[in-house]
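This report refers to the structure that appears directly beneath it.
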Amino acid sequence: MAMSKRILKETERLNAEPVPGISATAHEDNLRYFDVIIAGPSQSPFEGGVFRLELFLPEEYPMTPPKVRFLTKIYHPNIDKLGRICLDILKDKWSPALQIRTVLLSVQALLSSPNPDDPLANDVAQHWKENENDAIETAKLWTKNYAK
Amino acid sequence: MSSDSEDNFMEEDSDYEFDSDGSDMDYEEPNDLAFAEVSDKKPKKAYEVDFSVQSLQDIKAAQANAISHVAGILGLSQDKAAQLLRSFKWNKERLVERYMDSSEDVLKEACIVLDDTKTTSYVGKPRPGFTCSICFDDTPSKVVGLRCSHLFCFDCYRHYLTQKIVEEGECRRILCPESGCSIIVDQPTVQKIVEPKILERFRQLLDRAYVEDLDNLRWCPAPNCENAVDCRLPHSTFDTVVPTVQCACGNKFCFGCGLGDHQPAPCQLVKLWQKKCADDSETANWISAHTKECGKCQSTIEKNGGCNHMTCRKCKYEFCWVCMGPWSEHGTSWYNCNRYEEVSSTDARDAQAKSRASLERYLHYYNRFANHEQSAKLDRDLYNKTEKKMEEMQRTSDLSWIEVQFLKKAVDVLTSCRMTLRWTYAFAFYLVKDNMTELFEDNQRDLEVAVEALSELLEKPIEREKIAELRQQVLDKTVYVDSRREVLLEDTAKGLGEDRWEFSFKRT
């Protein structure tokens, strides 16, 4: 199975050369299911927070994108109440040449630069557009309260 | 001098010839545009539209034609021309114009790389040290890459294309698998890589995309039918024209919305009506019009007669239907509630009456609409019965097969009339009553009476000695019914065109 070889190699590399601020650990009983931790990027409202995510590699991976979801509550215009993420490479811009590593880096980058013009959580996005400072304060508060 | 005069003569001659050519052209042109000649003989009816049926072969040929044409003009390969046409939704004129303006931009937008070599992709052995970034295999026997030089192993490429074609139904824009690379995997490359079955699917998707890209084409919605219908009417006219077309397979449908024939109602009205019928808001409306809640236990009560002295069956609460107050407080004014005359009560009564009236109006039209729908379904049974009847007639009389076809024809006409009648009720529901609507209602009634008479005639048992008589009667009725339908459709279609009907919804 060529595809599971890819998953094994990716997992191996994630362990051998971890990305700063990101950790992904495969479940022992299910090698397609990963517990992910992303540290809130510095200079962002999420700085200092520790965000837990789940990542699942579907049967067709890498032809179809992995499924990624935030488990930690987060105040972000592109992430909704259920933790679903609005990110182009997780949808139509997915390429089989992308990897778990690149996906998680993109998620980290999304924390640094929220995009309220392409919102998933409408109320948050509106808040962000109308009063960015206030929204950032809320995001900081949420980070402090939930992302421990 | 002599040469001069000869020249003159030549010129005159050629002038003359040119003239005669011109008139020839003039004469032939309407012929070329087709239908003109035909419609001269048999005038087109107000409710009919021009259309033609295109088989799958026609559709493939039309694409091939357009592709070679553009390839010739722009000096591109067939494949590149096809890609450009697809990205321009087959608008040749706009494509050529824009390409002449700035070929670079056009190519870039369409994700095409022009090159001098004949092959657009590389299929072959990998260089040493190659690792496929899809499966991480470093020992593939064959690799594939487009002009962008993003190489992947053959198996992964095949897997990728198969996934795009089969799972995602993509055909126009399958890009290089590399992230962020926007070069289209061209048809020859797809052909080289995927299995024949997948390639067949890919081609089907391209044909489908062609029909969907063009406003003047629509697939026939009948199951297993592979034809499309070509109708050149602009979509903006579909609020005043009901573009009913008939596929070569016999299926009659609306070109505007793809639903079954819904003449005389325009698409917008059909959509509104269907939504109204699907919504159970009408049920709620009915409840609010016909019932009240018991003042004590909140049970829903329908008052179906008698006086205002109500006794709840459930909790035995006695109350006045009008003021909803307890009956004991009414004192001696039994059967005549004082509060009935108060303004607030009168208002409430009016509101209830209005709601009830509008509901009853809806039900009036809906019941007739549904009745014809039901009858149309029963027509299928009638078909079978008719077939038996036709066989019987051949046996019991000396009528030949061709002579008993009148029954089949009668059922056909009956079916289409019922479909028409059905939609006249939706039409009438939204029609604002004025002098014009009377004419419509007359036409509707005439058709309905005729349809029911024919229906009755068809269900009669066949008596041997009366076959000839029956045949004559059915023939006459069929012709009559058909003519009534024509009158109705003609008038409603003309009315739509002349903006004669006033509807209770806003037309877009």
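Residues in the structure tokens are named by chain (A, B, ... in the order shown) and by number from 1 within that chain; ligands are numbered from 1 in the order shown.
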
* To do: Could you pull out the residues in stretch 148-339 of chain B that DSSP calls alpha helix (DSSP H) from the backbone, as a ChimeraX atom specification?
  => /B:154-162,187-193,196-213,267-278,281-290

* **Surrounding residues of stretch 124-140 of chain B excluding itself and chain neighbours under 2 positions, 9 Å, only C-alpha atoms, as a PyMOL selection string** => (chain A and resi 2-7+9-10+62-63+96-99) or (chain B and resi 122+142-144+151-157+177-178)

Any chance you could export the current selection's N, CA and C atoms as a JSON list (two decimals), in the first residue's frame?
[["chain", "number", "residue", "atom", "x", "y", "z"],
["A", 2, "ALA", "N", 0.91, 1.87, -1.15],
["A", 2, "ALA", "CA", 1.75, 3.05, -1.32],
["A", 2, "ALA", "C", 1.29, 4.19, -0.41],
["A", 3, "MET", "N", -0.01, 4.29, -0.21],
["A", 3, "MET", "CA", -0.51, 5.43, 0.53],
["A", 3, "MET", "C", -0.18, 5.35, 2.02],
["A", 4, "SER", "N", -0.27, 4.14, 2.57],
["A", 4, "SER", "CA", 0.04, 4.07, 3.99],
["A", 4, "SER", "C", 1.55, 4.23, 4.21],
["A", 5, "LYS", "N", 2.31, 3.93, 3.17],
["A", 5, "LYS", "CA", 3.75, 4.18, 3.26],
["A", 5, "LYS", "C", 3.99, 5.68, 3.42],
["A", 6, "ARG", "N", 3.22, 6.42, 2.66],
["A", 6, "ARG", "CA", 3.34, 7.88, 2.77],
["A", 6, "ARG", "C", 2.99, 8.34, 4.19],
["A", 7, "ILE", "N", 1.91, 7.82, 4.73],
["A", 7, "ILE", "CA", 1.49, 8.25, 6.06],
["A", 7, "ILE", "C", 2.57, 7.91, 7.09],
["A", 9, "LYS", "N", 5.76, 7.56, 6.57],
["A", 9, "LYS", "CA", 6.93, 8.43, 6.39],
["A", 9, "LYS", "C", 6.67, 9.83, 6.93],
["A", 10, "GLU", "N", 5.46, 10.31, 6.68],
["A", 10, "GLU", "CA", 5.12, 11.64, 7.17],
["A", 10, "GLU", "C", 5.19, 11.67, 8.69],
["A", 62, "PRO", "N", -3.54, 10.84, 0.13],
["A", 62, "PRO", "CA", -3.50, 12.30, -0.03],
["A", 62, "PRO", "C", -4.25, 12.85, -1.23],
["A", 63, "MET", "N", -5.12, 12.04, -1.84],
["A", 63, "MET", "CA", -5.90, 12.59, -2.96],
["A", 63, "MET", "C", -6.98, 13.56, -2.44],
["A", 96, "PRO", "N", -2.34, 16.97, -3.68],
["A", 96, "PRO", "CA", -1.76, 15.79, -3.03],
["A", 96, "PRO", "C", -0.29, 15.97, -2.69],
["A", 97, "ALA", "N", 0.31, 17.04, -3.21],
["A", 97, "ALA", "CA", 1.71, 17.28, -2.87],
["A", 97, "ALA", "C", 1.84, 17.99, -1.53],
["A", 98, "LEU", "N", 0.70, 18.43, -0.97],
["A", 98, "LEU", "CA", 0.75, 19.05, 0.36],
["A", 98, "LEU", "C", 0.80, 17.94, 1.42],
["A", 99, "GLN", "N", 1.21, 18.34, 2.64],
["A", 99, "GLN", "CA", 1.36, 17.34, 3.70],
["A", 99, "GLN", "C", 0.74, 17.82, 5.00],
["B", 122, "TYR", "N", 5.63, 14.98, -20.10],
["B", 122, "TYR", "CA", 6.74, 14.04, -20.09],
["B", 122, "TYR", "C", 6.30, 12.77, -19.39],
["B", 142, "LYS", "N", 8.17, 4.77, -13.62],
["B", 142, "LYS", "CA", 7.78, 5.78, -14.61],
["B", 142, "LYS", "C", 7.30, 7.03, -13.90],
["B", 143, "VAL", "N", 7.63, 8.18, -14.43],
["B", 143, "VAL", "CA", 7.11, 9.41, -13.85],
["B", 143, "VAL", "C", 6.41, 10.24, -14.94],
["B", 144, "VAL", "N", 5.54, 11.16, -14.49],
["B", 144, "VAL", "CA", 4.79, 12.01, -15.42],
["B", 144, "VAL", "C", 4.91, 13.45, -14.94],
["B", 151, "LEU", "N", 7.09, 16.72, -11.42],
["B", 151, "LEU", "CA", 7.00, 15.29, -11.73],
["B", 151, "LEU", "C", 6.41, 14.50, -10.55],
["B", 152, "PHE", "N", 5.59, 13.53, -10.91],
["B", 152, "PHE", "CA", 5.04, 12.61, -9.93],
["B", 152, "PHE", "C", 5.08, 11.23, -10.54],
["B", 153, "CYS", "N", 5.01, 10.19, -9.69],
["B", 153, "CYS", "CA", 5.08, 8.87, -10.28],
["B", 153, "CYS", "C", 3.78, 8.55, -11.01],
["B", 154, "PHE", "N", 3.89, 7.68, -12.01],
["B", 154, "PHE", "CA", 2.79, 7.39, -12.91],
["B", 154, "PHE", "C", 1.54, 6.94, -12.16],
["B", 155, "ASP", "N", 1.73, 6.04, -11.18],
["B", 155, "ASP", "CA", 0.59, 5.52, -10.44],
["B", 155, "ASP", "C", -0.14, 6.60, -9.68],
["B", 156, "CYS", "N", 0.64, 7.52, -9.08],
["B", 156, "CYS", "CA", 0.01, 8.60, -8.32],
["B", 156, "CYS", "C", -0.75, 9.54, -9.27],
["B", 157, "TYR", "N", -0.15, 9.81, -10.41],
["B", 157, "TYR", "CA", -0.79, 10.68, -11.40],
["B", 157, "TYR", "C", -2.12, 10.07, -11.84],
["B", 177, "PRO", "N", -0.92, 18.41, -10.09],
["B", 177, "PRO", "CA", -1.12, 18.06, -8.68],
["B", 177, "PRO", "C", -0.29, 18.90, -7.71],
["B", 178, "GLU", "N", 0.71, 19.59, -8.21],
["B", 178, "GLU", "CA", 1.56, 20.38, -7.32],
["B", 178, "GLU", "C", 0.73, 21.52, -6.72]]

* So which residues touch B:Gln263 within 12 Å, counting only C-alpha atoms, skipping near sequence neighbours fewer than 5 positions away, as a PyMOL selection string? -> chain B and resi 46-48+238+240-245+252-256+269-270+416-427+485-486+488-493+496

* Extract, using only C-alpha atoms, all DNA, RNA and protein residues at most 12 Å from B:Tyr430, discarding same-chain residues fewer than 6 positions from it, and format them as a count of residues only. => 23

* To do: Would you list the contacts of stretch 216-231 of chain B as a PyMOL selection string, taking every protein, DNA or RNA residue within 10 Å and counting only C-alpha atoms, but skipping same-chain residues closer than 4 positions in sequence?
  => chain B and resi 49-59+208+210-212+235+243-260

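Note that the spacing between atom CA of B:Ser68 and atom CA of B:Lys80 amounts to 10.5 Å.
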